[in-house]
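The structure appears below as structure tokens.
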Amino acid sequence: MDFLKKLFGKGKDEPEELHLEFEKLREWSKIRYEKEVNAAKPLISNLYSDIGNKLEQLRVDKNSFLDATPIESADKKMGKIADSNRDVIVDNLEILDEKITVPHDNSIEGAYAFYIESLSHMDTFLDNTRKSMLYAKSLYPTEYNRINGDLANLNHALSDLFSTIEKPRNKLDMINNIFVDIEDIHNLESEIIDSRNKIQELKNKCTALDANIQDAKSDLEKLINGLEYPRAEAINSEIDDVRQQVMDVEADIKRMFTPLSKALSRMKKQDENGIHTLSPQVRNILGIVMKDPVSALDYDLDPLYDELILRLQSDSLGLKDKKKNKTLEQLHSIKNSFSLKSLYENKKKYDNRLEQLRDQLDWMDVYHQKTSMEKDISKKQEAFVSTQDKLEDETKFLKSLEEKLENTKSELSSHVNDAFEEDIEILFR
């Protein structure tokens with residue numbers, strides 16, 4: 001088909017395709033716009049002149065109507081009715097003449113506004129004079145026919161005005177749509193440029209943040225593989241071991257006091273109820289032993305032991321013989337053996353060692369550095385993820401802008417071909 005076109009040329013009825021660069025479309029459309037406006041102005045001017053003549057004729061009709069008399073057959077009563085309704089018609093003709101003012105501007109939009117307003121005023125006149133015109137038709141037939149006919153002529157002239165401007169007005173609306181589309185395309189292209197720049201900035205930021213994260217991780221790895229960190233780890237490991245030894249000793253101490261718990265609890269309850277009042281010294285020691293037997297070893301516990309032995313031997317605590325004997329046996333074991341003292345000495349030794357190790361670790365800055373580095377890496381990773389999210393959102397936004405741009409270009413092409421009724425191809429950059 002293309003070969004045949006080159007050989008014989010296009011058929012006579014086949015429209016020529018017009019190619020227009022997008023950047024020149026506004027000016028080209030503007031010229032066509034002005035051409036359409038200028039072509040309509042003389043027609044509008046002529047129609048305005050015709051409408052003015054129709055209004056002038058209605059003024060003549062109004063003056064003639066003022067001098068008119070009712071038909072001869074009208075009696076005095078009918079004459080008064082005729083005069084009254086004639087005044088209504090004349091007054092409304094004057095209002096109509098005042099409201100319908102032919103514009104000096106011959107623009108299409110101005111003509112359309114004038115047409116709409118004039119129709120409204122005509123409708124108002126008819127609404128206000130409908131009953132009076134019926135009387136005029138009967139009592140002033142000649143004047144009625146003249147006024148009615150000239151009102152119809154004015155209405156026809158207004159209809160001619162609308163018929164003249166309807167097509168060019170629709171065309172101008174379509175051309176205005178072209179201008180809107182062009183502006184939208186420029187705005188979208190500007191937004192797309194801004195979005196692409198923002199995407200590049202976000203990509204650069206992601207690259208920089210990733211490099212910073214890798215550098216920070218490398219520094220952390222160097223710290224961990226250095227001389228100080230293994231020493232700190234060894235100390236920390238020993239701290240864990242010593243802490244476990246302390247916990248084991250404390251558990252052994254608590255176990256030694258466990259068989260005394262029921263007897264101690266009854267002593268405390270009887271003291272609170274005033275049955276067997278304890279001395280302040282014993283009461284204080286009793287409270288410490290029940291709350292934390294380990295810390296109670298820092299005190300002299302003999303007053304409590306002696307009080308408890310007396311109370312058990314006197315059966316004042318109300319324990320059964322088997323429980324009482326086991327409690328006494330355990331109490332003598334605690335009081336006279338070196339087991340509890342040995343445990344207490346071990347605990348102090350472990351506590352001292354734990355304090356020494358913690359002091360050594362505090363003097364070493366490597367753990368603080370490690371914690372600081374890990375926090376820094378975490379912040380950089382959060383910033384990296386946040387930037388990636390923004391990049392993803394901006395990429396989606398750019399895609400929506402590009403799709404909107406393509407749709408607007410398609411709409412522009414459609415509006416151009418509809419407005420100018422030509423086969424026009426727009427060459428976008």
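Labeling convention for the structure tokens: chains A, B, ... as they appear, residues from 1 per chain, ligands from 1 in order of appearance.
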
| request: Write out as a PyMOL selection string each polymer residue whose atoms come within 10 Å of Phe257 in chain A, counting only C-alpha atoms; drop sequence neighbours fewer than 3 positions from it. | output: chain A and resi 252-254+260-261+264+289-290+293-294+327+330-331+334+340

Output the selection as a CSV table (one decimal), in the first residue's frame - all heavy atoms for each residue.
chain,number,residue,atom,x,y,z
A,252,ASP,N,23.1,-22.5,98.3
A,252,ASP,CA,23.5,-23.4,99.4
A,252,ASP,C,23.1,-22.8,100.7
A,252,ASP,O,22.6,-23.5,101.6
A,252,ASP,CB,24.9,-23.8,99.3
A,252,ASP,CG,25.3,-24.6,98.1
A,252,ASP,OD1,24.3,-25.3,97.6
A,252,ASP,OD2,26.5,-24.7,97.7
A,253,ILE,N,23.4,-21.5,100.9
A,253,ILE,CA,23.1,-20.8,102.1
A,253,ILE,C,21.6,-20.8,102.4
A,253,ILE,O,21.2,-21.1,103.5
A,253,ILE,CB,23.7,-19.3,102.1
A,253,ILE,CG1,25.2,-19.4,102.1
A,253,ILE,CG2,23.2,-18.5,103.3
A,253,ILE,CD1,25.9,-18.0,101.9
A,254,LYS,N,20.9,-20.5,101.4
A,254,LYS,CA,19.4,-20.4,101.5
A,254,LYS,C,18.8,-21.8,101.9
A,254,LYS,O,17.9,-21.9,102.7
A,254,LYS,CB,18.8,-19.9,100.2
A,254,LYS,CG,19.0,-18.4,100.0
A,254,LYS,CD,18.4,-18.0,98.7
A,254,LYS,CE,18.7,-16.5,98.4
A,254,LYS,NZ,18.2,-16.0,97.1
A,260,LEU,N,14.4,-24.1,108.7
A,260,LEU,CA,14.0,-23.2,109.8
A,260,LEU,C,12.8,-22.3,109.5
A,260,LEU,O,12.3,-21.6,110.4
A,260,LEU,CB,15.2,-22.3,110.3
A,260,LEU,CG,16.5,-23.0,110.5
A,260,LEU,CD1,17.5,-21.9,111.0
A,260,LEU,CD2,16.4,-24.1,111.6
A,261,SER,N,12.4,-22.3,108.2
A,261,SER,CA,11.4,-21.3,107.8
A,261,SER,C,10.1,-21.4,108.5
A,261,SER,O,9.5,-20.3,108.9
A,261,SER,CB,11.2,-21.5,106.3
A,261,SER,OG,10.6,-22.8,106.0
A,264,LEU,N,10.6,-20.0,112.1
A,264,LEU,CA,10.9,-18.5,112.0
A,264,LEU,C,9.6,-17.8,111.7
A,264,LEU,O,9.3,-16.7,112.3
A,264,LEU,CB,11.9,-18.2,111.0
A,264,LEU,CG,13.3,-18.7,111.3
A,264,LEU,CD1,14.2,-18.5,110.0
A,264,LEU,CD2,13.9,-18.1,112.5
A,289,VAL,N,16.7,-12.4,108.2
A,289,VAL,CA,16.9,-13.8,107.9
A,289,VAL,C,15.8,-14.3,107.0
A,289,VAL,O,16.0,-15.0,106.0
A,289,VAL,CB,17.0,-14.7,109.1
A,289,VAL,CG1,16.9,-16.1,108.8
A,289,VAL,CG2,18.3,-14.4,109.8
A,290,MET,N,14.5,-13.9,107.3
A,290,MET,CA,13.4,-14.3,106.5
A,290,MET,C,13.4,-13.7,105.1
A,290,MET,O,12.9,-14.4,104.1
A,290,MET,CB,12.1,-14.0,107.2
A,290,MET,CG,11.9,-14.8,108.5
A,290,MET,SD,10.3,-14.5,109.3
A,290,MET,CE,9.2,-15.2,108.2
A,293,PRO,N,18.5,-14.6,103.7
A,293,PRO,CA,19.4,-15.2,104.6
A,293,PRO,C,20.9,-14.9,104.3
A,293,PRO,O,21.7,-14.9,105.2
A,293,PRO,CB,19.1,-16.7,104.4
A,293,PRO,CG,17.7,-16.7,103.8
A,293,PRO,CD,17.6,-15.5,103.0
A,294,VAL,N,21.1,-14.7,103.0
A,294,VAL,CA,22.5,-14.5,102.6
A,294,VAL,C,23.1,-13.2,103.2
A,294,VAL,O,24.1,-13.1,103.8
A,294,VAL,CB,22.6,-14.4,101.1
A,294,VAL,CG1,24.1,-14.1,100.7
A,294,VAL,CG2,22.2,-15.7,100.5
A,327,THR,N,14.1,-29.4,113.1
A,327,THR,CA,14.4,-28.0,113.1
A,327,THR,C,15.6,-27.7,114.1
A,327,THR,O,16.5,-27.0,113.8
A,327,THR,CB,13.2,-27.1,113.5
A,327,THR,OG1,12.1,-27.4,112.6
A,327,THR,CG2,13.5,-25.6,113.5
A,330,GLN,N,18.9,-29.0,112.7
A,330,GLN,CA,19.4,-28.1,111.6
A,330,GLN,C,19.9,-26.8,112.3
A,330,GLN,O,21.0,-26.3,111.9
A,330,GLN,CB,18.3,-27.8,110.6
A,330,GLN,CG,18.8,-26.9,109.5
A,330,GLN,CD,19.9,-27.5,108.6
A,330,GLN,OE1,20.0,-28.7,108.6
A,330,GLN,NE2,20.6,-26.7,107.9
A,331,LEU,N,19.3,-26.4,113.3
A,331,LEU,CA,19.7,-25.1,114.0
A,331,LEU,C,21.0,-25.3,114.7
A,331,LEU,O,21.9,-24.5,114.6
A,331,LEU,CB,18.6,-24.8,115.0
A,331,LEU,CG,18.8,-23.4,115.7
A,331,LEU,CD1,18.9,-22.3,114.7
A,331,LEU,CD2,17.6,-23.2,116.7
A,334,ILE,N,23.7,-25.4,112.0
A,334,ILE,CA,24.1,-24.1,111.5
A,334,ILE,C,24.9,-23.3,112.6
A,334,ILE,O,25.9,-22.7,112.2
A,334,ILE,CB,22.8,-23.3,111.2
A,334,ILE,CG1,22.1,-23.9,110.0
A,334,ILE,CG2,23.1,-21.8,110.9
A,334,ILE,CD1,20.8,-23.2,109.7
A,340,LEU,N,28.3,-23.2,107.3
A,340,LEU,CA,27.7,-21.9,106.9
A,340,LEU,C,28.8,-20.9,106.8
A,340,LEU,O,28.8,-20.0,105.9
A,340,LEU,CB,26.7,-21.5,107.9
A,340,LEU,CG,25.9,-20.3,107.6
A,340,LEU,CD1,25.1,-20.4,106.3
A,340,LEU,CD2,24.9,-19.9,108.7

| task | Mind checking which residues fall within 7 Å of range 280-283 of chain A, counting only C-alpha atoms, ignoring those fewer than 2 positions away in the same chain, and posting them as a ChimeraX atom specification? | result | /A:278,285-287,303-304

Close residues, Arg311 in chain A itself excluded, 12 Å, only C-alpha atoms, min 4 positions apart in chain, as a PDB file with all heavy atoms, in the first residue's frame:
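Written output follows (out_0.pdb):
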ATOM      1  N   ALA A 263       9.470 -22.503 111.605  1.00  0.00           N
ATOM      2  CA  ALA A 263       9.654 -22.035 112.988  1.00  0.00           C
ATOM      3  C   ALA A 263       9.840 -20.529 113.018  1.00  0.00           C
ATOM      4  O   ALA A 263       9.271 -19.825 113.874  1.00  0.00           O
ATOM      5  CB  ALA A 263      10.858 -22.737 113.612  1.00  0.00           C
ATOM      6  N   LEU A 264      10.641 -19.997 112.084  1.00  0.00           N
ATOM      7  CA  LEU A 264      10.872 -18.545 112.035  1.00  0.00           C
ATOM      8  C   LEU A 264       9.585 -17.801 111.732  1.00  0.00           C
ATOM      9  O   LEU A 264       9.318 -16.731 112.290  1.00  0.00           O
ATOM     10  CB  LEU A 264      11.930 -18.226 110.982  1.00  0.00           C
ATOM     11  CG  LEU A 264      13.342 -18.748 111.263  1.00  0.00           C
ATOM     12  CD1 LEU A 264      14.249 -18.498 110.042  1.00  0.00           C
ATOM     13  CD2 LEU A 264      13.941 -18.061 112.501  1.00  0.00           C
ATOM     14  N   ARG A 266       6.533 -18.721 112.483  1.00  0.00           N
ATOM     15  CA  ARG A 266       5.661 -18.718 113.666  1.00  0.00           C
ATOM     16  C   ARG A 266       6.168 -17.734 114.717  1.00  0.00           C
ATOM     17  O   ARG A 266       5.380 -17.088 115.402  1.00  0.00           O
ATOM     18  CB  ARG A 266       5.554 -20.129 114.239  1.00  0.00           C
ATOM     19  CG  ARG A 266       4.747 -21.039 113.323  1.00  0.00           C
ATOM     20  CD  ARG A 266       4.250 -22.261 114.034  1.00  0.00           C
ATOM     21  NE  ARG A 266       3.401 -23.055 113.159  1.00  0.00           N
ATOM     22  CZ  ARG A 266       2.795 -24.174 113.542  1.00  0.00           C
ATOM     23  NH1 ARG A 266       2.976 -24.634 114.790  1.00  0.00           N
ATOM     24  NH2 ARG A 266       2.024 -24.838 112.701  1.00  0.00           N
ATOM     25  N   MET A 267       7.499 -17.636 114.851  1.00  0.00           N
ATOM     26  CA  MET A 267       8.066 -16.646 115.780  1.00  0.00           C
ATOM     27  C   MET A 267       7.631 -15.231 115.384  1.00  0.00           C
ATOM     28  O   MET A 267       7.216 -14.431 116.229  1.00  0.00           O
ATOM     29  CB  MET A 267       9.601 -16.714 115.767  1.00  0.00           C
ATOM     30  CG  MET A 267      10.204 -17.822 116.614  1.00  0.00           C
ATOM     31  SD  MET A 267      12.009 -17.790 116.559  1.00  0.00           S
ATOM     32  CE  MET A 267      12.335 -16.250 117.407  1.00  0.00           C
ATOM     33  N   GLN A 270       3.805 -14.752 116.097  1.00  0.00           N
ATOM     34  CA  GLN A 270       3.508 -14.616 117.522  1.00  0.00           C
ATOM     35  C   GLN A 270       3.971 -13.263 118.058  1.00  0.00           C
ATOM     36  O   GLN A 270       3.318 -12.662 118.909  1.00  0.00           O
ATOM     37  CB  GLN A 270       4.170 -15.766 118.305  1.00  0.00           C
ATOM     38  CG  GLN A 270       3.503 -17.110 118.080  1.00  0.00           C
ATOM     39  CD  GLN A 270       4.204 -18.228 118.828  1.00  0.00           C
ATOM     40  OE1 GLN A 270       5.271 -18.034 119.439  1.00  0.00           O
ATOM     41  NE2 GLN A 270       3.627 -19.441 118.768  1.00  0.00           N
ATOM     42  N   HIS A 276       4.287 -13.800 122.055  1.00  0.00           N
ATOM     43  CA  HIS A 276       5.659 -13.891 122.553  1.00  0.00           C
ATOM     44  C   HIS A 276       6.434 -12.731 121.927  1.00  0.00           C
ATOM     45  O   HIS A 276       6.850 -12.813 120.768  1.00  0.00           O
ATOM     46  CB  HIS A 276       6.312 -15.224 122.172  1.00  0.00           C
ATOM     47  CG  HIS A 276       5.747 -16.399 122.910  1.00  0.00           C
ATOM     48  ND1 HIS A 276       6.047 -16.678 124.227  1.00  0.00           N
ATOM     49  CD2 HIS A 276       4.871 -17.359 122.510  1.00  0.00           C
ATOM     50  CE1 HIS A 276       5.396 -17.766 124.603  1.00  0.00           C
ATOM     51  NE2 HIS A 276       4.667 -18.203 123.571  1.00  0.00           N
ATOM     52  N   THR A 277       6.599 -11.691 122.677  1.00  0.00           N
ATOM     53  CA  THR A 277       7.246 -10.481 122.152  1.00  0.00           C
ATOM     54  C   THR A 277       8.755 -10.670 122.091  1.00  0.00           C
ATOM     55  O   THR A 277       9.375 -11.135 123.064  1.00  0.00           O
ATOM     56  CB  THR A 277       6.917  -9.266 123.020  1.00  0.00           C
ATOM     57  OG1 THR A 277       5.496  -9.126 123.096  1.00  0.00           O
ATOM     58  CG2 THR A 277       7.530  -8.003 122.431  1.00  0.00           C
ATOM     59  N   LEU A 278       9.345 -10.314 120.931  1.00  0.00           N
ATOM     60  CA  LEU A 278      10.791 -10.412 120.736  1.00  0.00           C
ATOM     61  C   LEU A 278      11.466  -9.100 121.091  1.00  0.00           C
ATOM     62  O   LEU A 278      10.846  -8.016 121.053  1.00  0.00           O
ATOM     63  CB  LEU A 278      11.092 -10.757 119.272  1.00  0.00           C
ATOM     64  CG  LEU A 278      10.514 -12.074 118.735  1.00  0.00           C
ATOM     65  CD1 LEU A 278      10.771 -12.165 117.233  1.00  0.00           C
ATOM     66  CD2 LEU A 278      11.143 -13.257 119.457  1.00  0.00           C
ATOM     67  N   LEU A 304      19.386 -14.726 117.777  1.00  0.00           N
ATOM     68  CA  LEU A 304      18.220 -15.341 117.120  1.00  0.00           C
ATOM     69  C   LEU A 304      18.264 -16.852 117.319  1.00  0.00           C
ATOM     70  O   LEU A 304      17.228 -17.466 117.634  1.00  0.00           O
ATOM     71  CB  LEU A 304      18.217 -15.010 115.626  1.00  0.00           C
ATOM     72  CG  LEU A 304      17.124 -15.692 114.791  1.00  0.00           C
ATOM     73  CD1 LEU A 304      15.730 -15.233 115.229  1.00  0.00           C
ATOM     74  CD2 LEU A 304      17.321 -15.411 113.301  1.00  0.00           C
ATOM     75  N   TYR A 305      19.450 -17.474 117.150  1.00  0.00           N
ATOM     76  CA  TYR A 305      19.567 -18.917 117.354  1.00  0.00           C
ATOM     77  C   TYR A 305      19.141 -19.291 118.771  1.00  0.00           C
ATOM     78  O   TYR A 305      18.390 -20.264 118.961  1.00  0.00           O
ATOM     79  CB  TYR A 305      21.014 -19.375 117.120  1.00  0.00           C
ATOM     80  CG  TYR A 305      21.519 -19.203 115.704  1.00  0.00           C
ATOM     81  CD1 TYR A 305      22.900 -19.037 115.460  1.00  0.00           C
ATOM     82  CD2 TYR A 305      20.657 -19.207 114.619  1.00  0.00           C
ATOM     83  CE1 TYR A 305      23.397 -18.897 114.184  1.00  0.00           C
ATOM     84  CE2 TYR A 305      21.149 -19.063 113.331  1.00  0.00           C
ATOM     85  CZ  TYR A 305      22.506 -18.896 113.107  1.00  0.00           C
ATOM     86  OH  TYR A 305      22.982 -18.750 111.839  1.00  0.00           O
ATOM     87  N   ASP A 306      19.668 -18.539 119.762  1.00  0.00           N
ATOM     88  CA  ASP A 306      19.368 -18.861 121.169  1.00  0.00           C
ATOM     89  C   ASP A 306      17.874 -18.733 121.444  1.00  0.00           C
ATOM     90  O   ASP A 306      17.277 -19.592 122.118  1.00  0.00           O
ATOM     91  CB  ASP A 306      20.149 -17.923 122.095  1.00  0.00           C
ATOM     92  CG  ASP A 306      21.662 -18.145 121.997  1.00  0.00           C
ATOM     93  OD1 ASP A 306      22.065 -19.236 121.521  1.00  0.00           O
ATOM     94  OD2 ASP A 306      22.427 -17.214 122.343  1.00  0.00           O
ATOM     95  N   GLU A 307      17.263 -17.660 120.944  1.00  0.00           N
ATOM     96  CA  GLU A 307      15.813 -17.462 121.142  1.00  0.00           C
ATOM     97  C   GLU A 307      15.016 -18.585 120.505  1.00  0.00           C
ATOM     98  O   GLU A 307      14.064 -19.111 121.087  1.00  0.00           O
ATOM     99  CB  GLU A 307      15.398 -16.114 120.542  1.00  0.00           C
ATOM    100  CG  GLU A 307      13.908 -15.803 120.655  1.00  0.00           C
ATOM    101  CD  GLU A 307      13.496 -15.455 122.079  1.00  0.00           C
ATOM    102  OE1 GLU A 307      14.383 -15.093 122.893  1.00  0.00           O
ATOM    103  OE2 GLU A 307      12.286 -15.546 122.391  1.00  0.00           O
ATOM    104  N   ASP A 315       8.318 -25.800 123.354  1.00  0.00           N
ATOM    105  CA  ASP A 315       7.135 -26.120 122.531  1.00  0.00           C
ATOM    106  C   ASP A 315       6.191 -24.944 122.332  1.00  0.00           C
ATOM    107  O   ASP A 315       5.000 -25.118 122.031  1.00  0.00           O
ATOM    108  CB  ASP A 315       6.335 -27.290 123.154  1.00  0.00           C
ATOM    109  CG  ASP A 315       7.078 -28.608 123.025  1.00  0.00           C
ATOM    110  OD1 ASP A 315       7.859 -28.748 122.041  1.00  0.00           O
ATOM    111  OD2 ASP A 315       6.873 -29.483 123.869  1.00  0.00           O
ATOM    112  N   SER A 316       6.682 -23.732 122.511  1.00  0.00           N
ATOM    113  CA  SER A 316       5.794 -22.567 122.367  1.00  0.00           C
ATOM    114  C   SER A 316       5.457 -22.255 120.905  1.00  0.00           C
ATOM    115  O   SER A 316       4.544 -21.479 120.634  1.00  0.00           O
ATOM    116  CB  SER A 316       6.453 -21.334 123.011  1.00  0.00           C
ATOM    117  OG  SER A 316       7.654 -20.980 122.314  1.00  0.00           O
ATOM    118  N   LEU A 317       6.188 -22.855 119.983  1.00  0.00           N
ATOM    119  CA  LEU A 317       5.913 -22.591 118.570  1.00  0.00           C
ATOM    120  C   LEU A 317       4.878 -23.548 117.993  1.00  0.00           C
ATOM    121  O   LEU A 317       4.452 -23.389 116.838  1.00  0.00           O
ATOM    122  CB  LEU A 317       7.215 -22.688 117.739  1.00  0.00           C
ATOM    123  CG  LEU A 317       8.265 -21.632 118.052  1.00  0.00           C
ATOM    124  CD1 LEU A 317       9.534 -21.883 117.235  1.00  0.00           C
ATOM    125  CD2 LEU A 317       7.738 -20.230 117.797  1.00  0.00           C
ATOM    126  N   GLY A 318       4.499 -24.547 118.764  1.00  0.00           N
ATOM    127  CA  GLY A 318       3.416 -25.451 118.354  1.00  0.00           C
ATOM    128  C   GLY A 318       3.779 -26.387 117.229  1.00  0.00           C
ATOM    129  O   GLY A 318       2.892 -26.814 116.481  1.00  0.00           O
ATOM    130  N   LEU A 319       5.085 -26.724 117.090  1.00  0.00           N
ATOM    131  CA  LEU A 319       5.496 -27.657 116.047  1.00  0.00           C
ATOM    132  C   LEU A 319       5.371 -29.083 116.540  1.00  0.00           C
ATOM    133  O   LEU A 319       5.573 -29.381 117.733  1.00  0.00           O
ATOM    134  CB  LEU A 319       6.939 -27.384 115.630  1.00  0.00           C
ATOM    135  CG  LEU A 319       7.243 -26.012 115.005  1.00  0.00           C
ATOM    136  CD1 LEU A 319       8.741 -25.894 114.734  1.00  0.00           C
ATOM    137  CD2 LEU A 319       6.434 -25.804 113.732  1.00  0.00           C
ATOM    138  N   LYS A 324       9.852 -30.431 114.970  1.00  0.00           N
ATOM    139  CA  LYS A 324      10.615 -29.692 115.976  1.00  0.00           C
ATOM    140  C   LYS A 324      12.026 -30.258 116.079  1.00  0.00           C
ATOM    141  O   LYS A 324      13.010 -29.497 116.109  1.00  0.00           O
ATOM    142  CB  LYS A 324       9.907 -29.788 117.337  1.00  0.00           C
ATOM    143  CG  LYS A 324      10.644 -29.051 118.451  1.00  0.00           C
ATOM    144  CD  LYS A 324       9.959 -29.257 119.785  1.00  0.00           C
ATOM    145  CE  LYS A 324      10.185 -30.690 120.285  1.00  0.00           C
ATOM    146  NZ  LYS A 324       9.694 -30.880 121.661  1.00  0.00           N
ATOM    147  N   THR A 327      14.091 -29.394 113.094  1.00  0.00           N
ATOM    148  CA  THR A 327      14.437 -27.966 113.111  1.00  0.00           C
ATOM    149  C   THR A 327      15.578 -27.720 114.102  1.00  0.00           C
ATOM    150  O   THR A 327      16.525 -26.984 113.805  1.00  0.00           O
ATOM    151  CB  THR A 327      13.217 -27.115 113.496  1.00  0.00           C
ATOM    152  OG1 THR A 327      12.149 -27.379 112.572  1.00  0.00           O
ATOM    153  CG2 THR A 327      13.547 -25.633 113.463  1.00  0.00           C
ATOM    154  N   LEU A 328      15.506 -28.363 115.291  1.00  0.00           N
ATOM    155  CA  LEU A 328      16.566 -28.210 116.282  1.00  0.00           C
ATOM    156  C   LEU A 328      17.882 -28.767 115.767  1.00  0.00           C
ATOM    157  O   LEU A 328      18.956 -28.172 115.953  1.00  0.00           O
ATOM    158  CB  LEU A 328      16.177 -28.932 117.597  1.00  0.00           C
ATOM    159  CG  LEU A 328      15.224 -28.171 118.528  1.00  0.00           C
ATOM    160  CD1 LEU A 328      14.722 -29.094 119.639  1.00  0.00           C
ATOM    161  CD2 LEU A 328      15.970 -26.955 119.146  1.00  0.00           C
TER     162      LEU A 328
END

| said: Can you tell me, as a list in words, which residues in range 16-263 of chain A count as strand (DSSP E) by DSSP? | reply: Leu18, His19, Leu20 and Glu21 of chain A

Mind writing the picked residues with N, CA and C atoms as a compact mmCIF listing (two decimals), in the first residue's frame?
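Result written to result20.txt:
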# COMPACT_ATOMS: atom_id res chain seq x y z
N LEU A 18 -1.52 16.04 8.78
CA LEU A 18 -0.74 17.20 9.18
C LEU A 18 0.11 16.83 10.39
N HIS A 19 1.40 17.18 10.33
CA HIS A 19 2.31 16.90 11.44
C HIS A 19 2.63 18.20 12.17
N LEU A 20 2.40 18.21 13.46
CA LEU A 20 2.64 19.41 14.26
C LEU A 20 3.54 19.08 15.44
N GLU A 21 4.58 19.89 15.64
CA GLU A 21 5.43 19.72 16.82
C GLU A 21 4.65 20.22 18.03

Set the distance at 7 Å and use only C-alpha atoms: which residues neighbour range 209-223 of chain A once local chain neighbours fewer than 3 positions away are removed? I'd like the list as a PDB file with N, CA, C and O atoms, in the first residue's frame.
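See out.pdb below for the written result:
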ATOM      1  N   LYS A 205      21.775   8.537  47.814  1.00  0.00           N
ATOM      2  CA  LYS A 205      21.770   8.443  49.277  1.00  0.00           C
ATOM      3  C   LYS A 205      21.848   6.985  49.724  1.00  0.00           C
ATOM      4  O   LYS A 205      22.561   6.659  50.681  1.00  0.00           O
ATOM      5  N   CYS A 206      21.103   6.104  49.033  1.00  0.00           N
ATOM      6  CA  CYS A 206      21.154   4.663  49.358  1.00  0.00           C
ATOM      7  C   CYS A 206      22.571   4.122  49.179  1.00  0.00           C
ATOM      8  O   CYS A 206      23.071   3.366  50.020  1.00  0.00           O
ATOM      9  N   GLY A 226      40.609  -7.435  67.118  1.00  0.00           N
ATOM     10  CA  GLY A 226      41.810  -6.814  67.687  1.00  0.00           C
ATOM     11  C   GLY A 226      42.253  -7.493  68.974  1.00  0.00           C
ATOM     12  O   GLY A 226      41.730  -8.544  69.366  1.00  0.00           O
ATOM     13  N   TYR A 229      39.550  -6.810  72.456  1.00  0.00           N
ATOM     14  CA  TYR A 229      38.231  -7.461  72.548  1.00  0.00           C
ATOM     15  C   TYR A 229      38.325  -8.904  73.069  1.00  0.00           C
ATOM     16  O   TYR A 229      37.530  -9.288  73.947  1.00  0.00           O
ATOM     17  N   LYS A 370      32.252  -1.054  71.139  1.00  0.00           N
ATOM     18  CA  LYS A 370      31.439  -2.032  70.403  1.00  0.00           C
ATOM     19  C   LYS A 370      29.957  -1.649  70.444  1.00  0.00           C
ATOM     20  O   LYS A 370      29.262  -1.658  69.420  1.00  0.00           O
ATOM     21  N   MET A 373      29.400   1.380  68.284  1.00  0.00           N
ATOM     22  CA  MET A 373      29.450   1.013  66.860  1.00  0.00           C
ATOM     23  C   MET A 373      28.171   0.298  66.429  1.00  0.00           C
ATOM     24  O   MET A 373      27.633   0.552  65.348  1.00  0.00           O
ATOM     25  N   ILE A 377      25.595   1.488  63.569  1.00  0.00           N
ATOM     26  CA  ILE A 377      25.229   0.632  62.434  1.00  0.00           C
ATOM     27  C   ILE A 377      23.709   0.488  62.352  1.00  0.00           C
ATOM     28  O   ILE A 377      23.122   0.556  61.266  1.00  0.00           O
ATOM     29  N   LYS A 380      22.214   3.634  60.926  1.00  0.00           N
ATOM     30  CA  LYS A 380      22.484   3.715  59.482  1.00  0.00           C
ATOM     31  C   LYS A 380      21.590   2.739  58.700  1.00  0.00           C
ATOM     32  O   LYS A 380      21.104   3.058  57.614  1.00  0.00           O
ATOM     33  N   GLN A 381      21.373   1.556  59.269  1.00  0.00           N
ATOM     34  CA  GLN A 381      20.510   0.574  58.596  1.00  0.00           C
ATOM     35  C   GLN A 381      19.058   1.038  58.565  1.00  0.00           C
ATOM     36  O   GLN A 381      18.351   0.857  57.563  1.00  0.00           O
ATOM     37  N   PHE A 384      18.866   3.587  55.936  1.00  0.00           N
ATOM     38  CA  PHE A 384      18.944   2.939  54.628  1.00  0.00           C
ATOM     39  C   PHE A 384      17.586   2.355  54.232  1.00  0.00           C
ATOM     40  O   PHE A 384      17.114   2.554  53.099  1.00  0.00           O
TER      41      PHE A 384
END

| Option closest in space to Ser159 in chain A, from A:Ser118, A:Gln200, A:Ser410, A:Ser337 [counting only C-alpha atoms] |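 When distances to Ser159 in chain A are compared using only C-alpha atoms, the smallest one comes from A:Ser118.
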
| said: Ranking A:Gln244, A:Ser138, A:Ser163, A:Thr129 by minimum distance to Lys347 in chain A and counting only C-alpha atoms, which one comes first? | reply: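 Smallest separation from Lys347 in chain A among the options: A:Gln244.
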
| Taking into account only C-alpha atoms, which residue in the set A:Gln313, A:Ser333, A:Asn92, A:Ser342 is nearest to Val249 in chain A? | A:Ser342

| request: Report the distance between CA of Glu411 in chain A and CA of Val37 in chain A in Å, rounded to one decimal place. | output: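 Value for the CA of Glu411 in chain A-CA of Val37 in chain A distance: 23.8 Å.
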
| task | Find the spatial neighbours of Arg86 in chain A, counting only C-alpha atoms, within a cut-off of 8 Å - ignore same-chain residues fewer than 5 positions away - and output them as a list in words. | result |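 The filter keeps Phe65, Leu66, Ser132 and Ala136 of chain A.
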
Selection file, C-alpha atoms, as a PDB file, in the first residue's frame:
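Now in result23.pdb:
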ATOM      1  CA  PHE A  65     -50.105  50.963  22.277  1.00  0.00           C
ATOM      2  CA  LEU A  66     -50.113  53.883  24.723  1.00  0.00           C
ATOM      3  CA  SER A 132     -52.863  40.961  30.257  1.00  0.00           C
ATOM      4  CA  ALA A 136     -55.144  42.920  24.861  1.00  0.00           C
TER       5      ALA A 136
END

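Counting only C-alpha atoms and comparing A:Lys322, A:Tyr344, A:Arg130, A:Leu354, the residue that lies closest to Ser295 in chain A is A:Tyr344.
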
| request: Would you kindly return, as a ChimeraX atom specification, each protein, DNA or RNA residue with an atom no farther than 9 Å from any atom of range 416-424 of chain A, considering only C-alpha atoms and excluding same-chain residues fewer than 6 positions away? | output: /A:15-20,29,32,170-175,177-178
